[in-house]
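Peer 1: Data file input-v3.pdb (PDB, C-alpha atoms) is appended below.
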```pdb
ATOM      1  CA  MET A   1      23.320   4.091 -10.775
ATOM      2  CA  LYS A   2      21.172   5.269 -13.678
ATOM      3  CA  PHE A   3      17.429   5.767 -13.736
ATOM      4  CA  LYS A   4      15.864   5.875 -17.167
ATOM      5  CA  ALA A   5      12.970   4.702 -19.287
ATOM      6  CA  HIS A   6      13.237   1.000 -20.005
ATOM      7  CA  ARG A   7      11.571  -1.056 -22.724
ATOM      8  CA  PHE A   8       9.236  -3.769 -21.424
ATOM      9  CA  SER A   9      10.058  -7.420 -21.961
ATOM     10  CA  LYS A  10       7.225  -9.756 -22.863
ATOM     11  CA  LYS A  11       6.518 -10.315 -19.191
ATOM     12  CA  ILE A  12       4.605  -7.447 -17.653
ATOM     13  CA  PHE A  13       3.999  -7.048 -13.936
ATOM     14  CA  LEU A  14       0.937  -5.005 -13.076
ATOM     15  CA  PRO A  15       0.633  -3.345  -9.683
ATOM     16  CA  VAL A  16      -2.925  -2.894  -8.483
ATOM     17  CA  TYR A  17      -3.611  -0.091  -6.006
ATOM     18  CA  ILE A  18      -6.748  -0.240  -3.891
ATOM     19  CA  LEU A  19      -7.341   3.297  -2.664
ATOM     20  CA  THR A  20      -8.961   2.782   0.721
ATOM     21  CA  ALA A  21      -7.811   4.078   4.071
ATOM     22  CA  LEU A  22      -4.968   2.128   5.626
ATOM     23  CA  LEU A  23      -4.511  -0.159   2.662
ATOM     24  CA  ILE A  24      -1.929  -0.235  -0.019
ATOM     25  CA  GLU A  25      -0.964  -2.940  -2.459
ATOM     26  CA  LEU A  26       2.472  -2.481  -3.910
ATOM     27  CA  SER A  27       4.186  -4.694  -6.453
ATOM     28  CA  LEU A  28       7.716  -4.370  -7.754
ATOM     29  CA  THR A  29       9.815  -6.635  -9.892
ATOM     30  CA  THR A  30      13.407  -7.354  -9.074
ATOM     31  CA  CYS A  31      15.601  -4.826 -10.858
ATOM     32  CA  SER A  32      19.293  -4.732 -11.608
ATOM     33  CA  ASN A  33      21.733  -2.459  -9.844
ATOM     34  CA  ARG A  34      21.929  -0.286 -12.951
ATOM     35  CA  VAL A  35      18.356   0.418 -13.978
ATOM     36  CA  GLY A  36      15.359   1.023 -11.730
ATOM     37  CA  VAL A  37      11.808   2.244 -12.237
ATOM     38  CA  ILE A  38       9.711   3.449  -9.308
ATOM     39  CA  SER A  39       6.020   4.331  -9.308
ATOM     40  CA  SER A  40       4.309   5.254  -6.066
ATOM     41  CA  GLY A  41       1.574   7.357  -4.524
ATOM     42  CA  SER A  42       3.629  10.320  -3.309
ATOM     43  CA  PRO A  43       6.768  12.098  -4.553
ATOM     44  CA  GLU A  44       8.429  11.650  -1.164
ATOM     45  CA  SER A  45       7.965   7.879  -1.239
ATOM     46  CA  VAL A  46       9.468   7.741  -4.742
ATOM     47  CA  GLN A  47      12.470   9.654  -3.423
ATOM     48  CA  ALA A  48      12.739   7.196  -0.523
ATOM     49  CA  GLY A  49      12.860   4.272  -2.949
ATOM     50  CA  MET A  50      15.515   5.953  -5.077
ATOM     51  CA  GLU A  51      17.672   6.595  -2.013
ATOM     52  CA  ILE A  52      17.534   2.915  -1.090
ATOM     53  CA  LEU A  53      18.465   1.742  -4.594
ATOM     54  CA  LYS A  54      21.370   4.179  -4.669
ATOM     55  CA  SER A  55      22.511   2.839  -1.281
ATOM     56  CA  GLY A  56      22.835  -0.706  -2.605
ATOM     57  CA  GLY A  57      19.373  -2.033  -1.854
ATOM     58  CA  ASN A  58      17.370  -4.196  -4.220
ATOM     59  CA  ALA A  59      13.793  -3.663  -5.422
ATOM     60  CA  VAL A  60      12.328  -5.279  -2.314
ATOM     61  CA  ASP A  61      14.385  -3.039  -0.030
ATOM     62  CA  ALA A  62      13.122  -0.052  -2.011
ATOM     63  CA  ALA A  63       9.521  -1.251  -1.820
ATOM     64  CA  ILE A  64       9.773  -1.624   1.960
ATOM     65  CA  ALA A  65      11.125   1.912   2.330
ATOM     66  CA  ILE A  66       8.401   3.177  -0.017
ATOM     67  CA  SER A  67       5.681   1.466   2.032
ATOM     68  CA  PHE A  68       6.892   3.016   5.277
ATOM     69  CA  ALA A  69       7.237   6.409   3.566
ATOM     70  CA  LEU A  70       3.680   6.149   2.224
ATOM     71  CA  ALA A  71       2.440   5.563   5.773
ATOM     72  CA  VAL A  72       3.744   9.076   6.472
ATOM     73  CA  THR A  73       3.162  10.943   3.212
ATOM     74  CA  GLU A  74      -0.103   9.402   1.975
ATOM     75  CA  PRO A  75      -2.114   9.201   5.231
ATOM     76  CA  ALA A  76      -5.539   9.133   3.554
ATOM     77  CA  MET A  77      -4.713   5.951   1.646
ATOM     78  CA  SER A  78      -1.866   4.207   3.500
ATOM     79  CA  GLY A  79      -0.763   3.553   7.053
ATOM     80  CA  LEU A  80       1.088   1.321   9.497
ATOM     81  CA  CYS A  81      -2.229  -0.197  10.545
ATOM     82  CA  GLY A  82      -3.051  -1.507   7.090
ATOM     83  CA  GLN A  83      -2.320  -4.563   5.004
ATOM     84  CA  VAL A  84      -0.138  -5.150   1.971
ATOM     85  CA  GLN A  85       0.506  -7.556  -0.897
ATOM     86  CA  PHE A  86       3.714  -7.726  -2.909
ATOM     87  CA  LEU A  87       4.202  -9.055  -6.435
ATOM     88  CA  ILE A  88       7.795 -10.254  -6.750
ATOM     89  CA  HIS A  89       9.712 -11.673  -9.691
ATOM     90  CA  ILE A  90      12.996 -13.433  -9.035
ATOM     91  CA  PRO A  91      14.872 -14.211 -12.275
ATOM     92  CA  GLY A  92      14.465 -17.849 -13.239
ATOM     93  CA  LYS A  93      11.382 -18.356 -11.064
ATOM     94  CA  GLU A  94       7.669 -17.832 -11.535
ATOM     95  CA  PRO A  95       6.327 -14.551 -10.126
ATOM     96  CA  LEU A  96       4.828 -14.866  -6.664
ATOM     97  CA  ILE A  97       2.628 -12.926  -4.283
ATOM     98  CA  VAL A  98       3.710 -12.320  -0.708
ATOM     99  CA  ASN A  99       0.243 -12.084   0.761
ATOM    100  CA  GLY A 100       0.075  -9.987   3.895
ATOM    101  CA  THR A 101      -3.656  -9.367   3.887
ATOM    102  CA  SER A 102      -5.291  -8.868   7.238
ATOM    103  CA  PHE A 103      -8.151 -10.460   9.142
ATOM    104  CA  SER A 104     -11.037  -9.377  11.337
ATOM    105  CA  PRO A 105     -10.631  -8.841  15.095
ATOM    106  CA  SER A 106     -11.657 -11.769  17.284
ATOM    107  CA  ASN A 107     -14.262  -9.589  19.041
ATOM    108  CA  LEU A 108     -16.076  -8.764  15.798
ATOM    109  CA  PRO A 109     -19.850  -9.278  16.221
ATOM    110  CA  ASP A 110     -21.623 -11.880  14.104
ATOM    111  CA  SER A 111     -23.804  -9.277  12.397
ATOM    112  CA  LEU A 112     -22.855  -5.747  11.358
ATOM    113  CA  ASN A 113     -24.192  -2.824   9.387
ATOM    114  CA  LYS A 114     -22.350   0.054   7.770
ATOM    115  CA  GLU A 115     -23.054   2.389  10.681
ATOM    116  CA  ASP A 116     -21.124   0.052  13.017
ATOM    117  CA  LEU A 117     -17.883   0.480  11.063
ATOM    118  CA  GLN A 118     -16.824   3.876  12.362
ATOM    119  CA  LYS A 119     -13.599   5.193  13.905
ATOM    120  CA  HIS A 120     -11.859   2.480  15.976
ATOM    121  CA  LYS A 121     -14.220  -0.178  14.625
ATOM    122  CA  ALA A 122     -13.371   0.587  11.000
ATOM    123  CA  THR A 123     -10.165  -1.423  10.760
ATOM    124  CA  THR A 124      -8.956  -4.982  10.536
ATOM    125  CA  VAL A 125      -5.980  -6.253  12.548
ATOM    126  CA  PRO A 126      -2.883  -4.544  11.057
ATOM    127  CA  SER A 127      -0.528  -6.878   9.195
ATOM    128  CA  MET A 128       1.619  -4.501   7.144
ATOM    129  CA  VAL A 129       4.537  -4.156   9.553
ATOM    130  CA  ARG A 130       4.777  -7.948   9.938
ATOM    131  CA  THR A 131       4.765  -8.374   6.155
ATOM    132  CA  LEU A 132       7.444  -5.742   5.545
ATOM    133  CA  ASP A 133       9.641  -7.370   8.184
ATOM    134  CA  TYR A 134       9.171 -10.765   6.478
ATOM    135  CA  LEU A 135      10.085  -9.295   3.098
ATOM    136  CA  TRP A 136      13.217  -7.641   4.476
ATOM    137  CA  LYS A 137      14.387 -10.888   6.083
ATOM    138  CA  ASN A 138      13.572 -13.172   3.148
ATOM    139  CA  TYR A 139      13.906 -11.069  -0.013
ATOM    140  CA  GLY A 140      15.933  -8.008   0.920
ATOM    141  CA  SER A 141      19.443  -7.550  -0.428
ATOM    142  CA  GLY A 142      21.088  -8.041   2.960
ATOM    143  CA  ASN A 143      23.002  -4.814   2.378
ATOM    144  CA  LEU A 144      20.722  -2.586   4.451
ATOM    145  CA  SER A 145      19.336  -2.810   7.977
ATOM    146  CA  LEU A 146      15.670  -2.280   8.816
ATOM    147  CA  ASP A 147      16.756   0.951  10.484
ATOM    148  CA  GLU A 148      18.191   2.187   7.171
ATOM    149  CA  LEU A 149      14.982   1.311   5.324
ATOM    150  CA  LEU A 150      12.958   3.300   7.855
ATOM    151  CA  LYS A 151      15.147   6.411   7.815
ATOM    152  CA  PRO A 152      13.359   8.187   4.925
ATOM    153  CA  ALA A 153       9.950   7.684   6.555
ATOM    154  CA  ILE A 154      11.239   8.894   9.928
ATOM    155  CA  LYS A 155      12.744  11.969   8.276
ATOM    156  CA  TYR A 156       9.461  12.894   6.568
ATOM    157  CA  ALA A 157       7.532  12.384   9.817
ATOM    158  CA  GLU A 158       9.974  14.478  11.876
ATOM    159  CA  GLU A 159      10.850  17.233   9.404
ATOM    160  CA  GLY A 160       7.588  17.241   7.501
ATOM    161  CA  PHE A 161       6.659  17.662   3.853
ATOM    162  CA  GLN A 162       4.569  20.161   1.930
ATOM    163  CA  LEU A 163       0.973  19.059   1.489
ATOM    164  CA  GLY A 164       0.620  20.312  -2.060
ATOM    165  CA  GLU A 165      -2.650  20.578  -3.964
ATOM    166  CA  PHE A 166      -3.849  16.952  -3.923
ATOM    167  CA  ARG A 167      -3.178  16.127  -0.277
ATOM    168  CA  TYR A 168      -4.627  19.481   0.741
ATOM    169  CA  SER A 169      -7.821  18.726  -1.219
ATOM    170  CA  VAL A 170      -8.154  15.347   0.530
ATOM    171  CA  LEU A 171      -7.616  16.996   3.911
ATOM    172  CA  LYS A 172     -10.226  19.624   3.078
ATOM    173  CA  TYR A 173     -12.708  16.922   2.041
ATOM    174  CA  LYS A 174     -12.262  15.040   5.348
ATOM    175  CA  ALA A 175     -11.818  18.085   7.612
ATOM    176  CA  GLU A 176     -15.265  17.886   9.213
ATOM    177  CA  ASP A 177     -14.735  14.255  10.242
ATOM    178  CA  LEU A 178     -11.236  15.044  11.521
ATOM    179  CA  ARG A 179     -12.587  17.850  13.715
ATOM    180  CA  LYS A 180     -14.948  15.438  15.479
ATOM    181  CA  ASP A 181     -12.062  13.458  17.012
ATOM    182  CA  SER A 182      -9.615  15.215  19.322
ATOM    183  CA  ALA A 183      -6.688  12.988  18.284
ATOM    184  CA  THR A 184      -7.111  13.416  14.526
ATOM    185  CA  LYS A 185      -7.821  17.129  14.967
ATOM    186  CA  LYS A 186      -4.518  17.531  16.821
ATOM    187  CA  ILE A 187      -2.557  15.594  14.184
ATOM    188  CA  TYR A 188      -3.999  16.952  10.952
ATOM    189  CA  LEU A 189      -5.439  20.414  11.689
ATOM    190  CA  ASN A 190      -4.368  23.677  13.279
ATOM    191  CA  GLU A 191      -5.193  24.285  16.950
ATOM    192  CA  ASP A 192      -8.322  26.253  16.007
ATOM    193  CA  GLY A 193      -9.503  23.451  13.707
ATOM    194  CA  SER A 194      -8.610  25.258  10.501
ATOM    195  CA  LEU A 195      -6.756  23.636   7.627
ATOM    196  CA  PRO A 196      -2.966  23.961   7.387
ATOM    197  CA  LYS A 197      -1.760  25.816   4.305
ATOM    198  CA  GLN A 198      -0.647  23.846   1.251
ATOM    199  CA  GLU A 199       2.904  25.144   1.504
ATOM    200  CA  LYS A 200       3.207  24.419   5.236
ATOM    201  CA  PHE A 201       5.488  21.542   6.207
ATOM    202  CA  PHE A 202       3.217  18.892   7.696
ATOM    203  CA  LYS A 203       4.927  17.097  10.604
ATOM    204  CA  GLN A 204       3.881  13.966  12.528
ATOM    205  CA  LYS A 205       6.002  13.744  15.665
ATOM    206  CA  ILE A 206       4.123  10.865  17.304
ATOM    207  CA  LEU A 207       4.337   8.768  14.140
ATOM    208  CA  ALA A 208       8.060   9.560  13.958
ATOM    209  CA  LYS A 209       8.499   8.115  17.470
ATOM    210  CA  THR A 210       6.576   4.969  16.509
ATOM    211  CA  LEU A 211       8.684   4.436  13.388
ATOM    212  CA  THR A 212      11.867   5.064  15.367
ATOM    213  CA  LYS A 213      10.859   2.446  17.940
ATOM    214  CA  ILE A 214      10.234  -0.090  15.156
ATOM    215  CA  SER A 215      13.650   0.740  13.688
ATOM    216  CA  ILE A 216      15.316   0.069  17.058
ATOM    217  CA  ASP A 217      13.269  -2.793  18.519
ATOM    218  CA  GLY A 218      12.014  -4.409  15.313
ATOM    219  CA  ALA A 219       8.568  -5.358  14.059
ATOM    220  CA  ASP A 220       7.891  -7.576  17.090
ATOM    221  CA  ASP A 221       7.383  -4.482  19.246
ATOM    222  CA  PHE A 222       4.459  -3.503  17.030
ATOM    223  CA  TYR A 223       2.765  -6.830  17.780
ATOM    224  CA  CYS A 224       4.051  -7.969  21.163
ATOM    225  CA  GLY A 225       5.727  -4.969  22.794
ATOM    226  CA  LYS A 226       4.989  -1.437  23.931
ATOM    227  CA  ILE A 227       3.432  -0.312  20.640
ATOM    228  CA  ALA A 228       1.056  -3.295  20.692
ATOM    229  CA  GLN A 229       0.033  -2.484  24.261
ATOM    230  CA  GLN A 230      -0.651   1.140  23.356
ATOM    231  CA  ILE A 231      -2.779   0.098  20.362
ATOM    232  CA  ALA A 232      -4.798  -2.338  22.487
ATOM    233  CA  GLU A 233      -5.338   0.217  25.267
ATOM    234  CA  ASP A 234      -6.431   2.860  22.764
ATOM    235  CA  MET A 235      -8.862   0.387  21.215
ATOM    236  CA  GLU A 236     -10.349  -0.446  24.611
ATOM    237  CA  ARG A 237     -10.756   3.237  25.545
ATOM    238  CA  ASN A 238     -12.545   3.958  22.275
ATOM    239  CA  ASN A 239     -14.723   0.834  22.027
ATOM    240  CA  GLY A 240     -12.659  -0.714  19.238
ATOM    241  CA  TRP A 241     -12.518  -4.437  18.606
ATOM    242  CA  ILE A 242      -8.785  -5.139  18.246
ATOM    243  CA  THR A 243      -7.240  -6.788  21.326
ATOM    244  CA  ILE A 244      -3.685  -7.491  22.425
ATOM    245  CA  ASP A 245      -4.272 -11.170  21.568
ATOM    246  CA  ASP A 246      -5.209 -10.195  18.008
ATOM    247  CA  LEU A 247      -1.922  -8.323  17.660
ATOM    248  CA  ASN A 248       0.114 -11.097  19.295
ATOM    249  CA  ASN A 249      -1.287 -13.620  16.819
ATOM    250  CA  VAL A 250      -0.805 -11.812  13.492
ATOM    251  CA  PRO A 251       0.606 -14.612  11.304
ATOM    252  CA  THR A 252       3.578 -14.702   8.983
ATOM    253  CA  PRO A 253       2.473 -13.776   5.433
ATOM    254  CA  THR A 254       1.905 -16.545   2.919
ATOM    255  CA  GLU A 255       3.436 -16.980  -0.537
ATOM    256  CA  ILE A 256       1.152 -17.855  -3.443
ATOM    257  CA  PRO A 257       1.482 -17.825  -7.254
ATOM    258  CA  ALA A 258       0.638 -14.591  -9.039
ATOM    259  CA  ILE A 259      -2.389 -14.466 -11.322
ATOM    260  CA  LYS A 260      -1.341 -14.957 -14.938
ATOM    261  CA  GLY A 261      -3.095 -13.673 -18.032
ATOM    262  CA  SER A 262      -2.154 -12.372 -21.453
ATOM    263  CA  TYR A 263      -2.525  -9.259 -23.561
ATOM    264  CA  ARG A 264      -1.732  -9.753 -27.249
ATOM    265  CA  GLU A 265       1.867 -11.105 -27.272
ATOM    266  CA  TYR A 266       2.545 -10.313 -23.605
ATOM    267  CA  ASP A 267       2.269 -12.456 -20.479
ATOM    268  CA  ILE A 268       0.643 -10.544 -17.627
ATOM    269  CA  TYR A 269       1.265 -11.230 -13.928
ATOM    270  CA  THR A 270      -0.818  -9.451 -11.329
ATOM    271  CA  MET A 271      -2.433  -9.549  -7.881
ATOM    272  CA  THR A 272      -4.567 -12.238  -6.303
ATOM    273  CA  PRO A 273      -7.689 -11.328  -4.278
ATOM    274  CA  PRO A 274      -8.338  -9.183  -2.361
ATOM    275  CA  GLY A 275      -6.291  -7.237  -4.908
ATOM    276  CA  GLY A 276      -7.949  -6.362  -8.191
ATOM    277  CA  GLY A 277      -5.819  -8.523 -10.468
ATOM    278  CA  TRP A 278      -8.764 -10.443 -11.902
ATOM    279  CA  VAL A 279     -10.374  -7.151 -12.909
ATOM    280  CA  ILE A 280      -7.203  -6.083 -14.738
ATOM    281  CA  ILE A 281      -7.012  -9.389 -16.637
ATOM    282  CA  GLN A 282     -10.687  -9.198 -17.565
ATOM    283  CA  ALA A 283     -10.323  -5.597 -18.767
ATOM    284  CA  LEU A 284      -7.309  -6.532 -20.900
ATOM    285  CA  ASN A 285      -9.256  -9.472 -22.348
ATOM    286  CA  ILE A 286     -11.884  -6.967 -23.469
ATOM    287  CA  LEU A 287      -9.393  -4.441 -24.846
ATOM    288  CA  LYS A 288      -7.487  -6.956 -26.943
ATOM    289  CA  GLN A 289     -10.657  -7.545 -28.978
ATOM    290  CA  PHE A 290     -10.229  -4.051 -30.462
ATOM    291  CA  PRO A 291      -7.748  -3.122 -33.224
ATOM    292  CA  GLN A 292      -4.613  -1.497 -31.848
ATOM    293  CA  GLU A 293      -5.325   1.612 -33.931
ATOM    294  CA  LYS A 294      -8.235   2.364 -31.572
ATOM    295  CA  LEU A 295      -5.872   2.316 -28.591
ATOM    296  CA  LYS A 296      -3.376   4.935 -29.697
ATOM    297  CA  ILE A 297      -1.721   6.898 -26.909
ATOM    298  CA  ASP A 298      -3.478  10.176 -26.021
ATOM    299  CA  SER A 299      -6.582   9.428 -28.089
ATOM    300  CA  LYS A 300      -9.987  10.107 -26.507
ATOM    301  CA  GLU A 301     -11.302   6.837 -27.914
ATOM    302  CA  ARG A 302      -8.563   4.932 -26.049
ATOM    303  CA  LEU A 303      -9.480   6.537 -22.724
ATOM    304  CA  LEU A 304     -13.160   5.773 -23.258
ATOM    305  CA  LEU A 305     -12.478   2.129 -24.158
ATOM    306  CA  ILE A 306     -10.268   1.628 -21.095
ATOM    307  CA  ALA A 307     -12.898   3.186 -18.810
ATOM    308  CA  GLN A 308     -15.643   0.996 -20.284
ATOM    309  CA  ALA A 309     -13.509  -2.153 -20.077
ATOM    310  CA  LEU A 310     -12.762  -1.529 -16.400
ATOM    311  CA  GLN A 311     -16.416  -0.822 -15.686
ATOM    312  CA  ILE A 312     -17.506  -4.085 -17.325
ATOM    313  CA  ALA A 313     -14.762  -5.994 -15.477
ATOM    314  CA  HIS A 314     -15.884  -4.624 -12.109
ATOM    315  CA  ILE A 315     -19.476  -5.620 -12.855
ATOM    316  CA  SER A 316     -18.267  -9.101 -13.852
ATOM    317  CA  ARG A 317     -16.414  -9.443 -10.551
ATOM    318  CA  GLU A 318     -19.641  -8.797  -8.677
ATOM    319  CA  ASP A 319     -21.744 -11.150 -10.803
ATOM    320  CA  ASN A 320     -19.397 -14.115 -11.313
ATOM    321  CA  PRO A 321     -17.212 -16.387  -9.190
ATOM    322  CA  VAL A 322     -13.491 -15.561  -9.324
ATOM    323  CA  ASN A 323     -12.607 -18.719 -11.265
ATOM    324  CA  ASP A 324     -15.016 -17.783 -14.065
ATOM    325  CA  LEU A 325     -14.077 -14.128 -14.347
ATOM    326  CA  THR A 326     -11.571 -14.441 -17.207
ATOM    327  CA  ASN A 327     -13.639 -16.782 -19.392
TER     328      ASN A 327
END
```
Can the structure in the file be given as structure tokens, please?
Peer 2:
Amino acid sequence: MKFKAHRFSKKIFLPVYILTALLIELSLTTCSNRVGVISSGSPESVQAGMEILKSGGNAVDAAIAISFALAVTEPAMSGLCGQVQFLIHIPGKEPLIVNGTSFSPSNLPDSLNKEDLQKHKATTVPSMVRTLDYLWKNYGSGNLSLDELLKPAIKYAEEGFQLGEFRYSVLKYKAEDLRKDSATKKIYLNEDGSLPKQEKFFKQKILAKTLTKISIDGADDFYCGKIAQQIAEDMERNNGWITIDDLNNVPTPTEIPAIKGSYREYDIYTMTPPGGGWVIIQALNILKQFPQEKLKIDSKERLLLIAQALQIAHISREDNPVNDLTN
């Protein structure tokens, strides 16, 4: 199998990453068994995807392995207790979104303020594991078991990975909050509450056990089995809102058409809400009003125009209904 730069066709598929805790949106097009392109939030997750492609998996298999690996190697932005959307293109069919977005716990109060959304109350009901299981069963290659797709993530959790500069800086930024909770302090910091060194291999033994149990007993255990019970009990002990009934009733993800736009001679397919696809389309609509000479690679003017276009698009999203955003 070869991995190399590949010229875009006139259909472009844009992944949109929302960088909030426990949430990742990942979109991959179907690729051939000869050429693959992987872009992800950590080098370890990219390696996980490459291993799956080399083992005979398709793009969806790789994306599943990447998502599980990100839950280990990008803990500030991804996690098993998050939600996920996938943009998939099957040759001969229109691109679609597998929408695994989450929902609020049934115990959520009618009125809330920002101060209420702390710790165990700062999460929706996790839907990611259910969505990844659905994708594996419906769009995976059939060549690899769920256990095989989880192996890279389990390895990184058990054996660890070096934090490096970026992850260390995130850990340093959140260290004070992590010290306030005995569980997060034990997982992410040294025994004395100090930061681990950048070059230290960061291990997550408890997460490794959770991933291993999913690999053996399947996604249902996360929602109806021992893992679900442990989540519900932890929520109850810490005044969280998620209940065992919430976990039992996480639905199968839905399939909906991708958002379609255009940029010059290209068709653009991207994410539906809550993903930021409308913002991307709006920003591209702004950028295509400028001569291409102003958008040359590595020019300062190009970077400024892109930043301004995205800023205007985000303001438009706040001020206008979704249906009117690309007018």
Peer 1: Expand the PyMOL selection byres ((chain A and resi 117-125) around 10) into the individual residues it matches in the shown file, reporting them as a VMD selection string.
Peer 2: chain A and resid 21 to 23 81 to 83 101 to 106 108 112 to 116 126 to 128 177 181 234 to 243 246 to 247 249 to 250
Peer 1: Could you make a table, as JSON lines, of the residues of stretch 197-282 of chain A that have an atom within 8 Å of an atom of stretch 310-313 of chain A, each with its nearest atom pair and distance in Å to one decimal, counting all atoms listed in the file, in chain and number order?
Peer 2:
```
{"residue": "A:Val279", "atom": "CA", "partner": "A:Ala313", "partner_atom": "CA", "distance": 5.2}
{"residue": "A:Ile280", "atom": "CA", "partner": "A:Leu310", "partner_atom": "CA", "distance": 7.4}
{"residue": "A:Gln282", "atom": "CA", "partner": "A:Ala313", "partner_atom": "CA", "distance": 5.6}
```
Peer 1: Which residue gives the smallest distance to A:Ala219 among A:Val37, A:Asn190, A:Ile259, A:Leu150, with all atoms listed in the file counted?
Peer 2: A:Leu150
Peer 1: Record the distance separating atom CA of A:Ser262 and atom CA of A:Leu284, expressed in Å with one decimal.
Peer 2: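 Separating atom CA of A:Ser262 from atom CA of A:Leu284 is a distance of 7.8 Å.
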Peer 1: For stretch 301-305 of chain A, find every residue with an atom within 10 Å (counting only C-alpha atoms), except residues of its own chain fewer than 6 positions away, and show them as a PDB file with C-alpha atoms, in the frame of the given file.
Peer 2:
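Output (selection11.pdb):
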```pdb
ATOM      1  CA  ALA A 283     -10.323  -5.597 -18.767  1.00  0.00           C
ATOM      2  CA  ILE A 286     -11.884  -6.967 -23.469  1.00  0.00           C
ATOM      3  CA  LEU A 287      -9.393  -4.441 -24.846  1.00  0.00           C
ATOM      4  CA  PHE A 290     -10.229  -4.051 -30.462  1.00  0.00           C
ATOM      5  CA  GLN A 292      -4.613  -1.497 -31.848  1.00  0.00           C
ATOM      6  CA  GLU A 293      -5.325   1.612 -33.931  1.00  0.00           C
ATOM      7  CA  LYS A 294      -8.235   2.364 -31.572  1.00  0.00           C
ATOM      8  CA  LEU A 295      -5.872   2.316 -28.591  1.00  0.00           C
ATOM      9  CA  GLN A 311     -16.416  -0.822 -15.686  1.00  0.00           C
TER      10      GLN A 311
END
```
Peer 1: Using the chain letters and numbers from the file, which residues does the PyMOL selection byres ((chain A and resi 159) around 9) grab, as a short mmCIF file (atom, residue, chain, number, x, y, z; two decimals) with C-alpha atoms, in the frame of the given file?
Peer 2:
```cif
data_model
loop_
_atom_site.label_atom_id
_atom_site.label_comp_id
_atom_site.auth_asym_id
_atom_site.auth_seq_id
_atom_site.Cartn_x
_atom_site.Cartn_y
_atom_site.Cartn_z
CA ILE A 154 11.24 8.89 9.93
CA LYS A 155 12.74 11.97 8.28
CA TYR A 156 9.46 12.89 6.57
CA ALA A 157 7.53 12.38 9.82
CA GLU A 158 9.97 14.48 11.88
CA GLY A 160 7.59 17.24 7.50
CA PHE A 161 6.66 17.66 3.85
CA PHE A 201 5.49 21.54 6.21
CA PHE A 202 3.22 18.89 7.70
CA LYS A 203 4.93 17.10 10.60
CA GLN A 204 3.88 13.97 12.53
CA LYS A 205 6.00 13.74 15.66
#
```
Peer 1: Once the PyMOL selection byres ((chain A and resi 179) around 12) has been evaluated on this model, what residues remain selected, and can you format them as a list in words?
Peer 2: Leu171, Lys172, Tyr173, Lys174, Ala175, Glu176, Asp177, Leu178, Lys180, Asp181, Ser182, Ala183, Thr184, Lys185, Lys186, Ile187, Tyr188, Leu189, Asn190, Glu191, Asp192, Gly193, Ser194 and Leu195 of chain A
Peer 1: So, with all atoms listed in the file as the atoms that count, which of A:Glu233, A:Glu148, A:Asp133, A:Glu265 lies closest to A:Gly57?
Peer 2: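 Closest to A:Gly57 of all the choices is A:Glu148.
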Peer 1: Of the residues A:Thr252, A:Thr73, A:Thr212, A:Asn143, which is the one nearest to A:Val98, using only C-alpha atoms?
Peer 2: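 When distances to A:Val98 are compared using only C-alpha atoms, the smallest one comes from A:Thr252.
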Peer 1: Work out how far atom CA of A:Gly261 is from atom CA of A:Ser67, in Å to one decimal.
Peer 2: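 Separation of atom CA of A:Ser67 and atom CA of A:Gly261: 26.6 Å.
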Peer 1: Residues within 8 Å of A:Asn99, please, as a PDB file with C-alpha atoms, keeping the file's coordinate frame. Count all atoms listed in the file; anything in the same chain fewer than 6 positions from it doesn't count.
Peer 2:
```
ATOM      1  CA  VAL A  84      -0.138  -5.150   1.971  1.00  0.00           C
ATOM      2  CA  GLN A  85       0.506  -7.556  -0.897  1.00  0.00           C
ATOM      3  CA  PHE A  86       3.714  -7.726  -2.909  1.00  0.00           C
ATOM      4  CA  THR A 131       4.765  -8.374   6.155  1.00  0.00           C
ATOM      5  CA  PRO A 253       2.473 -13.776   5.433  1.00  0.00           C
ATOM      6  CA  THR A 254       1.905 -16.545   2.919  1.00  0.00           C
ATOM      7  CA  GLU A 255       3.436 -16.980  -0.537  1.00  0.00           C
ATOM      8  CA  ILE A 256       1.152 -17.855  -3.443  1.00  0.00           C
TER       9      ILE A 256
END
```
Peer 1: In Å, rounded to a single decimal, give me how far atom CA of A:Ser45 is from atom CA of A:Thr270.
Peer 2: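 Result for atom CA of A:Thr270 versus atom CA of A:Ser45: 21.9 Å, one decimal.
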Peer 1: Please determine an axis-aligned box that encloses all atoms of stretch 105-110 of chain A listed in the file, with 8 Å added on each side, and express its centre and edge lengths in Å to one decimal as AutoDock Vina command-line options.
Peer 2:
```
--center_x -16.1 --center_y -10.3 --center_z 16.6 --size_x 27.0 --size_y 19.1 --size_z 20.9
```
